[in-house]
Every structure is written in structure tokens, then in C-alpha cells.
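K.L.:
mmCIF, C-alpha atoms, file protein39.cif:
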```cif
data_structure
loop_
_atom_site.group_PDB
_atom_site.id
_atom_site.type_symbol
_atom_site.label_atom_id
_atom_site.label_comp_id
_atom_site.auth_asym_id
_atom_site.auth_seq_id
_atom_site.Cartn_x
_atom_site.Cartn_y
_atom_site.Cartn_z
ATOM 1 C CA MET A 14 26.694 19.947 1.547
ATOM 2 C CA LYS A 15 23.334 21.719 1.951
ATOM 3 C CA ARG A 16 23.229 22.333 -1.800
ATOM 4 C CA VAL A 17 23.796 18.594 -2.458
ATOM 5 C CA ILE A 18 20.989 17.597 -0.052
ATOM 6 C CA PHE A 19 18.613 20.139 -1.627
ATOM 7 C CA LEU A 20 19.507 18.881 -5.104
ATOM 8 C CA LEU A 21 18.847 15.262 -4.086
ATOM 9 C CA PHE A 22 15.495 16.254 -2.583
ATOM 10 C CA PHE A 23 14.580 18.248 -5.669
ATOM 11 C CA LEU A 24 15.405 15.344 -7.958
ATOM 12 C CA SER A 25 13.499 12.820 -5.824
ATOM 13 C CA ALA A 26 10.458 15.023 -5.207
ATOM 14 C CA PRO A 27 8.639 14.052 -8.448
ATOM 15 C CA VAL A 28 9.140 10.384 -7.591
ATOM 16 C CA VAL A 29 7.768 10.909 -4.075
ATOM 17 C CA LEU A 30 4.843 12.940 -5.371
ATOM 18 C CA ALA A 31 4.049 10.328 -8.046
ATOM 19 C CA ALA A 32 4.048 7.590 -5.399
ATOM 20 C CA GLN A 33 1.732 9.665 -3.223
ATOM 21 C CA ASP A 34 -0.620 10.260 -6.174
ATOM 22 C CA TYR A 35 -0.540 6.540 -6.942
ATOM 23 C CA MET A 36 -1.493 5.527 -3.388
ATOM 24 C CA GLN A 37 -4.178 8.208 -3.185
ATOM 25 C CA THR A 38 -5.695 7.047 -6.480
ATOM 26 C CA VAL A 39 -5.676 3.421 -5.293
ATOM 27 C CA ARG A 40 -7.461 4.460 -2.087
ATOM 28 C CA GLN A 41 -10.062 6.285 -4.172
ATOM 29 C CA ALA A 42 -10.578 3.126 -6.212
ATOM 30 C CA LEU A 43 -11.077 1.020 -3.076
ATOM 31 C CA ASP A 44 -13.494 3.574 -1.610
ATOM 32 C CA ALA A 45 -15.497 3.527 -4.842
ATOM 33 C CA LEU A 46 -15.577 -0.267 -4.735
ATOM 34 C CA GLU A 47 -16.899 -0.211 -1.169
ATOM 35 C CA HIS A 48 -19.781 1.978 -2.405
ATOM 36 C CA ASP A 49 -20.307 -0.265 -5.445
ATOM 37 C CA SER A 50 -19.360 2.545 -7.836
ATOM 38 C CA LEU A 51 -17.809 0.254 -10.424
ATOM 39 C CA ASP A 52 -17.168 2.784 -13.200
ATOM 40 C CA GLU A 53 -15.462 5.200 -10.826
ATOM 41 C CA ALA A 54 -13.371 2.414 -9.307
ATOM 42 C CA ALA A 55 -12.270 1.191 -12.751
ATOM 43 C CA ASP A 56 -11.301 4.738 -13.804
ATOM 44 C CA CYS A 57 -9.223 5.184 -10.627
ATOM 45 C CA LEU A 58 -7.471 1.868 -11.143
ATOM 46 C CA ARG A 59 -6.577 2.778 -14.723
ATOM 47 C CA ARG A 60 -5.199 6.154 -13.563
ATOM 48 C CA ALA A 61 -3.112 4.450 -10.896
ATOM 49 C CA LEU A 62 -1.706 2.006 -13.448
ATOM 50 C CA LYS A 63 -0.656 4.917 -15.669
ATOM 51 C CA LEU A 64 0.948 6.766 -12.743
ATOM 52 C CA GLU A 65 3.189 3.834 -11.769
ATOM 53 C CA PRO A 66 3.277 1.435 -14.739
ATOM 54 C CA LEU A 67 6.252 -0.520 -13.317
ATOM 55 C CA SER A 68 4.962 -1.018 -9.772
ATOM 56 C CA LYS A 69 4.897 -4.638 -8.542
ATOM 57 C CA SER A 70 1.622 -3.948 -6.755
ATOM 58 C CA ASN A 71 -0.048 -3.420 -10.127
ATOM 59 C CA ALA A 72 -0.729 -7.168 -10.204
ATOM 60 C CA ILE A 73 -3.310 -6.603 -7.463
ATOM 61 C CA LEU A 74 -4.783 -3.619 -9.301
ATOM 62 C CA TYR A 75 -5.188 -5.651 -12.491
ATOM 63 C CA HIS A 76 -7.001 -8.282 -10.432
ATOM 64 C CA TYR A 77 -9.415 -5.698 -9.043
ATOM 65 C CA LEU A 78 -9.932 -4.275 -12.529
ATOM 66 C CA GLY A 79 -10.625 -7.715 -13.978
ATOM 67 C CA GLN A 80 -13.175 -8.474 -11.267
ATOM 68 C CA ILE A 81 -14.966 -5.199 -11.989
ATOM 69 C CA GLN A 82 -15.014 -5.955 -15.711
ATOM 70 C CA GLU A 83 -16.440 -9.414 -15.016
ATOM 71 C CA ARG A 84 -19.246 -7.872 -12.964
ATOM 72 C CA GLN A 85 -19.930 -5.485 -15.841
ATOM 73 C CA GLY A 86 -20.166 -8.348 -18.344
ATOM 74 C CA GLN A 87 -16.882 -7.453 -20.087
ATOM 75 C CA ALA A 88 -15.380 -10.925 -20.165
ATOM 76 C CA GLU A 89 -12.707 -10.326 -22.811
ATOM 77 C CA ARG A 90 -11.446 -7.202 -21.078
ATOM 78 C CA ALA A 91 -11.391 -9.067 -17.762
ATOM 79 C CA LEU A 92 -9.283 -11.832 -19.305
ATOM 80 C CA GLU A 93 -6.896 -9.209 -20.646
ATOM 81 C CA SER A 94 -6.626 -7.583 -17.203
ATOM 82 C CA TYR A 95 -5.908 -10.898 -15.486
ATOM 83 C CA SER A 96 -3.285 -11.702 -18.122
ATOM 84 C CA GLN A 97 -1.636 -8.289 -17.687
ATOM 85 C CA GLY A 98 -1.543 -8.868 -13.948
ATOM 86 C CA LEU A 99 0.178 -12.199 -14.514
ATOM 87 C CA MET A 100 2.762 -10.463 -16.691
ATOM 88 C CA VAL A 101 3.541 -8.193 -13.738
ATOM 89 C CA GLU A 102 3.675 -11.095 -11.284
ATOM 90 C CA PRO A 103 3.726 -14.501 -13.002
ATOM 91 C CA GLY A 104 1.989 -17.274 -11.123
ATOM 92 C CA ARG A 105 0.055 -15.039 -8.694
ATOM 93 C CA PRO A 106 -2.579 -17.484 -7.342
ATOM 94 C CA GLU A 107 -5.659 -15.257 -7.237
ATOM 95 C CA LEU A 108 -5.057 -14.075 -10.794
ATOM 96 C CA LEU A 109 -4.658 -17.642 -12.032
ATOM 97 C CA PHE A 110 -7.807 -18.705 -10.211
ATOM 98 C CA SER A 111 -9.890 -15.822 -11.523
ATOM 99 C CA ARG A 112 -8.671 -16.258 -15.089
ATOM 100 C CA ALA A 113 -9.270 -20.019 -14.954
ATOM 101 C CA GLY A 114 -12.817 -19.482 -13.714
ATOM 102 C CA LEU A 115 -13.560 -17.023 -16.501
ATOM 103 C CA HIS A 116 -12.125 -19.396 -19.110
ATOM 104 C CA LEU A 117 -14.380 -22.114 -17.691
ATOM 105 C CA GLN A 118 -17.447 -19.851 -17.890
ATOM 106 C CA GLN A 119 -16.631 -19.364 -21.571
ATOM 107 C CA ASN A 120 -16.328 -23.141 -22.099
ATOM 108 C CA ASP A 121 -12.613 -22.765 -22.808
ATOM 109 C CA GLU A 122 -11.631 -25.865 -20.851
ATOM 110 C CA ARG A 123 -8.129 -26.090 -22.333
ATOM 111 C CA HIS A 124 -7.007 -22.710 -21.007
ATOM 112 C CA ALA A 125 -8.924 -23.146 -17.750
ATOM 113 C CA LEU A 126 -7.166 -26.455 -17.150
ATOM 114 C CA ALA A 127 -3.764 -24.904 -17.868
ATOM 115 C CA ASP A 128 -4.386 -22.199 -15.249
ATOM 116 C CA TYR A 129 -5.671 -24.662 -12.638
ATOM 117 C CA ASN A 130 -2.643 -26.883 -13.279
ATOM 118 C CA GLU A 131 -0.239 -23.990 -12.737
ATOM 119 C CA LEU A 132 -2.087 -22.875 -9.610
ATOM 120 C CA LEU A 133 -2.098 -26.373 -8.133
ATOM 121 C CA LEU A 134 1.634 -26.737 -8.733
ATOM 122 C CA LYS A 135 2.074 -23.739 -6.434
ATOM 123 C CA GLN A 136 -0.753 -24.558 -4.005
ATOM 124 C CA PRO A 137 -1.503 -28.320 -4.165
ATOM 125 C CA ASP A 138 -4.189 -28.050 -1.469
ATOM 126 C CA HIS A 139 -6.226 -25.270 -3.132
ATOM 127 C CA VAL A 140 -9.715 -26.680 -2.564
ATOM 128 C CA GLU A 141 -11.598 -24.706 -5.210
ATOM 129 C CA ALA A 142 -8.984 -25.346 -7.894
ATOM 130 C CA LEU A 143 -9.071 -29.078 -7.131
ATOM 131 C CA PHE A 144 -12.855 -29.102 -7.434
ATOM 132 C CA PHE A 145 -12.986 -27.262 -10.754
ATOM 133 C CA ARG A 146 -10.115 -29.257 -12.239
ATOM 134 C CA ALA A 147 -11.924 -32.469 -11.296
ATOM 135 C CA TYR A 148 -15.052 -31.095 -12.996
ATOM 136 C CA ILE A 149 -13.074 -30.472 -16.198
ATOM 137 C CA TYR A 150 -11.510 -33.923 -16.045
ATOM 138 C CA VAL A 151 -14.959 -35.524 -15.779
ATOM 139 C CA ARG A 152 -16.165 -33.573 -18.808
ATOM 140 C CA GLN A 153 -13.113 -34.788 -20.713
ATOM 141 C CA HIS A 154 -13.698 -38.383 -19.572
ATOM 142 C CA LEU A 155 -10.408 -38.386 -17.665
ATOM 143 C CA TYR A 156 -11.967 -40.267 -14.778
ATOM 144 C CA ARG A 157 -8.763 -41.422 -13.092
ATOM 145 C CA GLN A 158 -7.462 -37.861 -12.812
ATOM 146 C CA ALA A 159 -10.864 -36.579 -11.669
ATOM 147 C CA ARG A 160 -11.043 -39.244 -8.965
ATOM 148 C CA ALA A 161 -7.576 -38.296 -7.701
ATOM 149 C CA ASP A 162 -8.613 -34.636 -7.371
ATOM 150 C CA TYR A 163 -11.918 -35.407 -5.639
ATOM 151 C CA GLU A 164 -10.211 -37.785 -3.214
ATOM 152 C CA HIS A 165 -7.461 -35.243 -2.502
ATOM 153 C CA LEU A 166 -10.082 -32.579 -1.857
ATOM 154 C CA LEU A 167 -12.056 -34.861 0.450
ATOM 155 C CA ARG A 168 -8.930 -35.636 2.473
ATOM 156 C CA LEU A 169 -8.687 -31.886 3.054
ATOM 157 C CA ASN A 170 -12.406 -31.459 3.729
ATOM 158 C CA PRO A 171 -14.333 -34.736 4.239
ATOM 159 C CA GLN A 172 -17.676 -32.888 4.405
ATOM 160 C CA HIS A 173 -17.299 -30.964 1.128
ATOM 161 C CA GLU A 174 -20.792 -31.457 -0.323
ATOM 162 C CA GLU A 175 -19.998 -30.592 -3.941
ATOM 163 C CA ALA A 176 -16.999 -32.922 -3.976
ATOM 164 C CA LEU A 177 -19.011 -35.767 -2.444
ATOM 165 C CA LEU A 178 -21.688 -35.223 -5.081
ATOM 166 C CA GLY A 179 -19.094 -34.992 -7.844
ATOM 167 C CA LEU A 180 -17.492 -38.251 -6.744
ATOM 168 C CA ALA A 181 -20.869 -40.025 -6.612
ATOM 169 C CA LEU A 182 -21.722 -38.845 -10.134
ATOM 170 C CA LEU A 183 -18.245 -39.824 -11.303
ATOM 171 C CA ASN A 184 -18.686 -43.322 -9.887
ATOM 172 C CA ASP A 185 -22.000 -43.574 -11.707
ATOM 173 C CA LYS A 186 -20.275 -42.716 -14.986
ATOM 174 C CA ASP A 187 -17.293 -44.930 -14.225
ATOM 175 C CA ARG A 188 -19.292 -48.177 -13.851
ATOM 176 C CA ARG A 189 -19.481 -48.197 -10.085
ATOM 177 C CA PRO A 190 -23.279 -48.046 -9.761
ATOM 178 C CA ARG A 191 -23.613 -49.544 -6.284
ATOM 179 C CA GLU A 192 -20.939 -47.278 -4.807
ATOM 180 C CA ALA A 193 -22.488 -44.272 -6.537
ATOM 181 C CA MET A 194 -25.973 -44.932 -5.160
ATOM 182 C CA GLU A 195 -24.646 -45.588 -1.661
ATOM 183 C CA GLN A 196 -22.836 -42.267 -1.768
ATOM 184 C CA MET A 197 -25.954 -40.452 -2.993
ATOM 185 C CA ASN A 198 -28.077 -42.007 -0.250
ATOM 186 C CA ALA A 199 -25.514 -40.939 2.345
ATOM 187 C CA LEU A 200 -25.491 -37.382 0.940
ATOM 188 C CA VAL A 201 -29.274 -37.124 1.146
ATOM 189 C CA VAL A 202 -29.158 -38.294 4.767
ATOM 190 C CA MET A 203 -26.430 -35.743 5.468
ATOM 191 C CA HIS A 204 -28.326 -32.858 3.804
ATOM 192 C CA PRO A 205 -32.036 -33.765 3.814
ATOM 193 C CA THR A 206 -33.197 -30.253 2.856
ATOM 194 C CA HIS A 207 -30.956 -29.801 -0.214
ATOM 195 C CA ALA A 208 -33.248 -30.162 -3.207
ATOM 196 C CA HIS A 209 -30.512 -30.589 -5.822
ATOM 197 C CA LEU A 210 -29.412 -33.827 -4.148
ATOM 198 C CA TYR A 211 -32.867 -35.354 -4.661
ATOM 199 C CA VAL A 212 -32.723 -34.268 -8.300
ATOM 200 C CA ALA A 213 -29.319 -35.924 -8.722
ATOM 201 C CA ARG A 214 -30.465 -39.126 -7.050
ATOM 202 C CA GLY A 215 -33.653 -39.070 -9.102
ATOM 203 C CA GLY A 216 -31.529 -38.952 -12.242
ATOM 204 C CA MET A 217 -29.594 -42.009 -11.133
ATOM 205 C CA GLU A 218 -32.803 -43.855 -10.330
ATOM 206 C CA GLN A 219 -34.297 -42.893 -13.678
ATOM 207 C CA GLN A 220 -31.235 -44.318 -15.468
ATOM 208 C CA ARG A 221 -31.762 -47.554 -13.559
ATOM 209 C CA LYS A 222 -35.473 -47.539 -14.559
ATOM 210 C CA LEU A 223 -36.506 -47.166 -10.929
ATOM 211 C CA TYR A 224 -39.240 -44.818 -12.073
ATOM 212 C CA GLU A 225 -41.338 -44.737 -8.914
ATOM 213 C CA GLN A 226 -38.337 -43.901 -6.748
ATOM 214 C CA ALA A 227 -37.169 -41.262 -9.229
ATOM 215 C CA LEU A 228 -40.577 -39.583 -9.189
ATOM 216 C CA VAL A 229 -40.594 -39.535 -5.379
ATOM 217 C CA ASP A 230 -37.254 -37.712 -5.420
ATOM 218 C CA TYR A 231 -38.290 -35.239 -8.126
ATOM 219 C CA ASN A 232 -41.502 -34.504 -6.235
ATOM 220 C CA HIS A 233 -39.603 -33.947 -3.013
ATOM 221 C CA ALA A 234 -37.200 -31.538 -4.709
ATOM 222 C CA ILE A 235 -40.196 -29.488 -5.856
ATOM 223 C CA GLU A 236 -41.677 -29.572 -2.357
ATOM 224 C CA LEU A 237 -38.406 -28.172 -0.997
ATOM 225 C CA GLU A 238 -38.041 -25.531 -3.726
ATOM 226 C CA PRO A 239 -41.455 -24.957 -5.314
ATOM 227 C CA LYS A 240 -40.318 -21.820 -7.175
ATOM 228 C CA ASN A 241 -37.288 -23.333 -8.861
ATOM 229 C CA PRO A 242 -38.117 -23.709 -12.581
ATOM 230 C CA GLU A 243 -35.271 -26.185 -13.165
ATOM 231 C CA HIS A 244 -36.982 -28.790 -10.999
ATOM 232 C CA TYR A 245 -40.149 -28.594 -13.106
ATOM 233 C CA LEU A 246 -38.096 -28.937 -16.287
ATOM 234 C CA THR A 247 -36.416 -32.019 -14.835
ATOM 235 C CA ARG A 248 -39.668 -33.627 -13.757
ATOM 236 C CA GLY A 249 -41.340 -32.648 -17.025
ATOM 237 C CA SER A 250 -38.521 -34.289 -18.978
ATOM 238 C CA PHE A 251 -38.955 -37.378 -16.824
ATOM 239 C CA TYR A 252 -42.689 -37.468 -17.578
ATOM 240 C CA LEU A 253 -41.905 -37.032 -21.262
ATOM 241 C CA SER A 254 -39.517 -40.001 -21.158
ATOM 242 C CA ILE A 255 -42.239 -42.263 -19.747
ATOM 243 C CA LYS A 256 -44.882 -40.961 -22.203
ATOM 244 C CA LYS A 257 -46.947 -38.978 -19.682
ATOM 245 C CA ARG A 258 -47.329 -36.047 -22.021
ATOM 246 C CA ARG A 259 -50.114 -34.206 -20.193
ATOM 247 C CA LEU A 260 -48.117 -34.105 -16.972
ATOM 248 C CA ALA A 261 -44.976 -33.124 -18.887
ATOM 249 C CA ARG A 262 -46.811 -30.233 -20.556
ATOM 250 C CA ALA A 263 -48.087 -28.972 -17.193
ATOM 251 C CA ASP A 264 -44.569 -28.977 -15.753
ATOM 252 C CA PHE A 265 -43.101 -27.182 -18.775
ATOM 253 C CA HIS A 266 -45.760 -24.476 -18.530
ATOM 254 C CA GLU A 267 -45.076 -24.058 -14.816
ATOM 255 C CA ALA A 268 -41.332 -23.830 -15.455
ATOM 256 C CA LEU A 269 -41.953 -21.099 -18.031
ATOM 257 C CA ARG A 270 -44.196 -19.226 -15.601
ATOM 258 C CA LEU A 271 -41.425 -19.335 -12.997
ATOM 259 C CA GLY A 272 -38.842 -17.880 -15.384
ATOM 260 C CA ALA A 273 -37.285 -20.809 -17.228
ATOM 261 C CA ASP A 274 -35.489 -20.091 -20.487
ATOM 262 C CA ALA A 275 -38.182 -19.752 -23.163
ATOM 263 C CA GLU A 276 -36.073 -21.390 -25.894
ATOM 264 C CA GLU A 277 -35.349 -24.404 -23.725
ATOM 265 C CA VAL A 278 -39.028 -24.804 -22.885
ATOM 266 C CA ALA A 279 -40.005 -24.417 -26.548
ATOM 267 C CA SER A 280 -37.545 -27.148 -27.497
ATOM 268 C CA LEU A 281 -39.003 -29.500 -24.898
ATOM 269 C CA MET A 282 -42.546 -28.681 -25.996
ATOM 270 C CA LYS A 283 -41.616 -29.734 -29.525
ATOM 271 C CA GLU A 284 -40.778 -33.158 -28.141
ATOM 272 C CA LEU A 285 -44.394 -33.439 -26.935
ATOM 273 C CA ARG A 286 -45.634 -33.321 -30.524
ATOM 274 C CA ARG A 287 -43.435 -36.157 -31.764
#
```
Can you turn what I pasted into C-alpha cells?

P.N.:
Amino acid sequence: MKRVIFLLFFLSAPVVLAAQDYMQTVRQALDALEHDSLDEAADCLRRALKLEPLSKSNAILYHYLGQIQERQGQAERALESYSQGLMVEPGRPELLFSRAGLHLQQNDERHALADYNELLLKQPDHVEALFFRAYIYVRQHLYRQARADYEHLLRLNPQHEEALLGLALLNDKDRRPREAMEQMNALVVMHPTHAHLYVARGGMEQQRKLYEQALVDYNHAIELEPKNPEHYLTRGSFYLSIKKRRLARADFHEALRLGADAEEVASLMKELRR
């Protein structure tokens, strides 16, 4: 009997030791992540995956590895890691969400939408997935579907600023101008220090040829965030549209000084010479 027990222990010892090595390597990876040592963490995760290639918990490790690769600017490798994680555990929500977001960053709306759809089948009240799917629907001119997602999201969180803004902009596109402007006015009242809301409302006013009101909003956005180059580009483009070239040029130069993309500024400056 003792010989049988010893034999069983001897046969299982490599398995136990491998599991211990696996857990120790995972802990090392997490410690490295806490200290922001991304290369070390990635190496530990890869070692752990080799030690226990069939472990169910590898789905989590692939997620960590993909996040590290994203932070290191390795988008294709990150997508591969997320996909490998989903092969280990199909439908895992955080992997779907991360992969969808990376697809969206790469302007791959088709694959992003597929991942958000799958995630929302499993978690219909996932706020972030609802928001990003609505964003994709708007870009694809699927306004009915976008509205449904925004309204669902706002039932879950009536104060969700980005969803309220998205719905206002959607209404503006979807021939509901009065409703859109009322929603924008309410948002500005709700968040009077948020510069991007004044920019958005200024854009609506500019479309309606309410130029004085648009300029007031663009000016106020710059007062709130005087070092944001995007606001100067927006106001400069507005000046350009109403033929105030000197003021447009001044704003473009200021945007460049504050770090705006040089190619974008150069393209706008070309418009001044036409």
C-alpha cells in the first residue's frame, strides 16, 4: 500500500511542481505590472502560458498580455492575444470589450461592432459597450439603432454626459433640430465648466448660421481651456468659413504653438490662400 501511495505521489509531483511554477510566474508578472515593468511582466506571462498551455485561467493572462502590448504600441500583437484568450474562453466579456475597442481605434468598425454585439448579448446593460456601439451606428448612419442604444444607456444612467451629448448630436443629424438644441442647452447648464460642450453647441449654432452665438461659445471654450489647441483650430476654421482670414491665421498659429498636428494646421493654412 505504501509503495502505491509513493508511486502516485511520484507520478503527480511534476504536475504539482508545474502548477506551483505557473502560479509563481503569474505572481511575478503581476508584481512587475504593479511596478510598471511592462517588458518583465510580458515575459513572465509568456512563460506562464508555456508552463500550463491548457489552463482555463490563461484567458485572463492573454488579456493582461494584450493590455501590455497595447500600451507598448503593438496593436496587432494585442489583437492576437485577445483572440487567443477568446479561444481559451469564448465570449469572455473583458476580452471582447478590449478587442472591440482596439478594432475601433484602428477604424475597423465591422469587427468592433461584431464584438460589441456579442458582448451585449451576454451583458445587455454593459454601459460602455452600449455607448461605443451607438457611436458606430451613428457613423454608419444607422440612426434608429443608435437611438435605441443611447436611450437604453440613459435608462441605466440618466446623467451619462457622453450619452446625452451623443443623443443631442444624433438628433441634430436626424432632423430633430429643436430637440437637439434643447438637449445641448440643458447639457451646458448641467456642466457649465466643460469646454467641449460649448464647442459642440457652437458647431450646431454655426450650422444654423447663428454666427454671433457660435462665436460666443467658441470663445468661452477657449476661456475655459486656453491651452487646448483643438479649440483654436475650431475657432480658426469658423473664422475661415466667414472670411475672417486674419483672425483665422492667428488661431491656426496659436494652435500650432500649443502642439496641434502640423500637417492639419498646414492644410488649414492652405485654405487661407484660396

K.L.:
What's the 9 Å shell around region 191-202 of chain A, counting all atoms listed in the file, without same-chain residues fewer than 3 positions away, as a list of chain:residue names?

P.N.:
A:Glu174, A:Leu177, A:Leu178, A:Leu180, A:Ala181, A:Leu182, A:Leu183, A:Asn184, A:Asp185, A:Lys186, A:Arg188, A:Pro205, A:Thr206, A:His207, A:Leu210, A:Tyr211, A:Ala213, A:Arg214, A:Met217, A:Glu218

K.L.:
Since I can't run it myself right now, could you work out what the PyMOL selection byres ((chain A and resi 285) around 8) selects here and report it as number ranges by chain?

P.N.:
A: 253, 258, 262, 281-284, 286-287

K.L.:
Can you tell me, as a ChimeraX atom specification, what residues are no more than 8 Å from region 141-143 of chain A when counting only C-alpha atoms, ignoring any on the same chain fewer than 4 positions away?

P.N.:
/A:110,129,132-133,147,162-163,165-166

K.L.:
Using only C-alpha atoms for the distances, tell me which of A:Cys57, A:Leu126, A:Met100, A:Leu167 is nearest to Gln153 (chain A).

P.N.:
A:Leu126

K.L.:
Given the choices A:Asp138, A:Glu175, A:Asp230, A:Glu83, which gets closest to Arg112 (chain A) if the distance is worked out from only C-alpha atoms?

P.N.:
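Nearest to Arg112 (chain A): A:Glu83.
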
K.L.:
Which residue is closest to Ala263 (chain A)? Choose from A:Pro66, A:Ser280, A:Lys135, A:Tyr245 and count all atoms listed in the file.

P.N.:
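So, comparing all the options, the nearest one is A:Tyr245.
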
K.L.:
Write out as a PDB file with C-alpha atoms, in the frame of the given file the residues lying within 10 Å of Lys240 (chain A), counting all atoms listed in the file and excluding same-chain residues fewer than 2 positions away.

P.N.:
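Output below, filename part.pdb:
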```
ATOM      1  CA  ILE A 235     -40.196 -29.488  -5.856  1.00  0.00           C
ATOM      2  CA  GLU A 236     -41.677 -29.572  -2.357  1.00  0.00           C
ATOM      3  CA  LEU A 237     -38.406 -28.172  -0.997  1.00  0.00           C
ATOM      4  CA  GLU A 238     -38.041 -25.531  -3.726  1.00  0.00           C
ATOM      5  CA  PRO A 242     -38.117 -23.709 -12.581  1.00  0.00           C
ATOM      6  CA  GLU A 243     -35.271 -26.185 -13.165  1.00  0.00           C
ATOM      7  CA  HIS A 244     -36.982 -28.790 -10.999  1.00  0.00           C
ATOM      8  CA  TYR A 245     -40.149 -28.594 -13.106  1.00  0.00           C
ATOM      9  CA  GLU A 267     -45.076 -24.058 -14.816  1.00  0.00           C
ATOM     10  CA  ALA A 268     -41.332 -23.830 -15.455  1.00  0.00           C
ATOM     11  CA  ARG A 270     -44.196 -19.226 -15.601  1.00  0.00           C
ATOM     12  CA  LEU A 271     -41.425 -19.335 -12.997  1.00  0.00           C
ATOM     13  CA  GLY A 272     -38.842 -17.880 -15.384  1.00  0.00           C
TER      14      GLY A 272
END
```

K.L.:
Just want the 9 Å neighbourhood of Tyr35 (chain A), counted on only C-alpha atoms, with same-chain residues fewer than 6 positions away dropped. Output as a list in words.

P.N.:
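Listed by chain and then number, they are Arg60, Ala61, Leu62, Lys63, Leu64 and Glu65 of chain A.
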
K.L.:
Which residue gives the smallest distance to His139 (chain A) among A:Asn170, A:Gln158, A:Gln119, A:Ser70, with all atoms listed in the file counted?

P.N.:
A:Asn170

K.L.:
So the first atom is CA of Ile149 (chain A) and the second is CA of Leu134 (chain A); what is the distance between them in Å, to one decimal place?

P.N.:
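Atom-to-atom, CA of Ile149 (chain A) to CA of Leu134 (chain A), that is 16.9 Å.
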
K.L.:
So that I can see what lies close to Gln97 (chain A), please list as a PyMOL selection string the residues with an atom at most 10 Å from it, counting all atoms listed in the file and leaving out residues fewer than 5 positions away in the same chain.

P.N.:
chain A and resi 71-72+75-76+79+91-92+102-103+108

K.L.:
Work out how far apart CA of Leu99 (chain A) and CA of Met36 (chain A) are and give it in Å to one decimal.

P.N.:
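Value for the CA of Leu99 (chain A)-CA of Met36 (chain A) distance: 21.0 Å.
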
K.L.:
CA of Pro137 (chain A) to CA of Glu93 (chain A): how many Å, to one decimal?

P.N.:
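Distance between the two atoms: 25.8 Å.
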
K.L.:
Once the PyMOL selection byres ((chain A and resi 248) around 8) has been applied to the shown file, what residues remain in the selection, as a PyMOL selection string?

P.N.:
chain A and resi 228+231-232+244-247+249-252+261+264
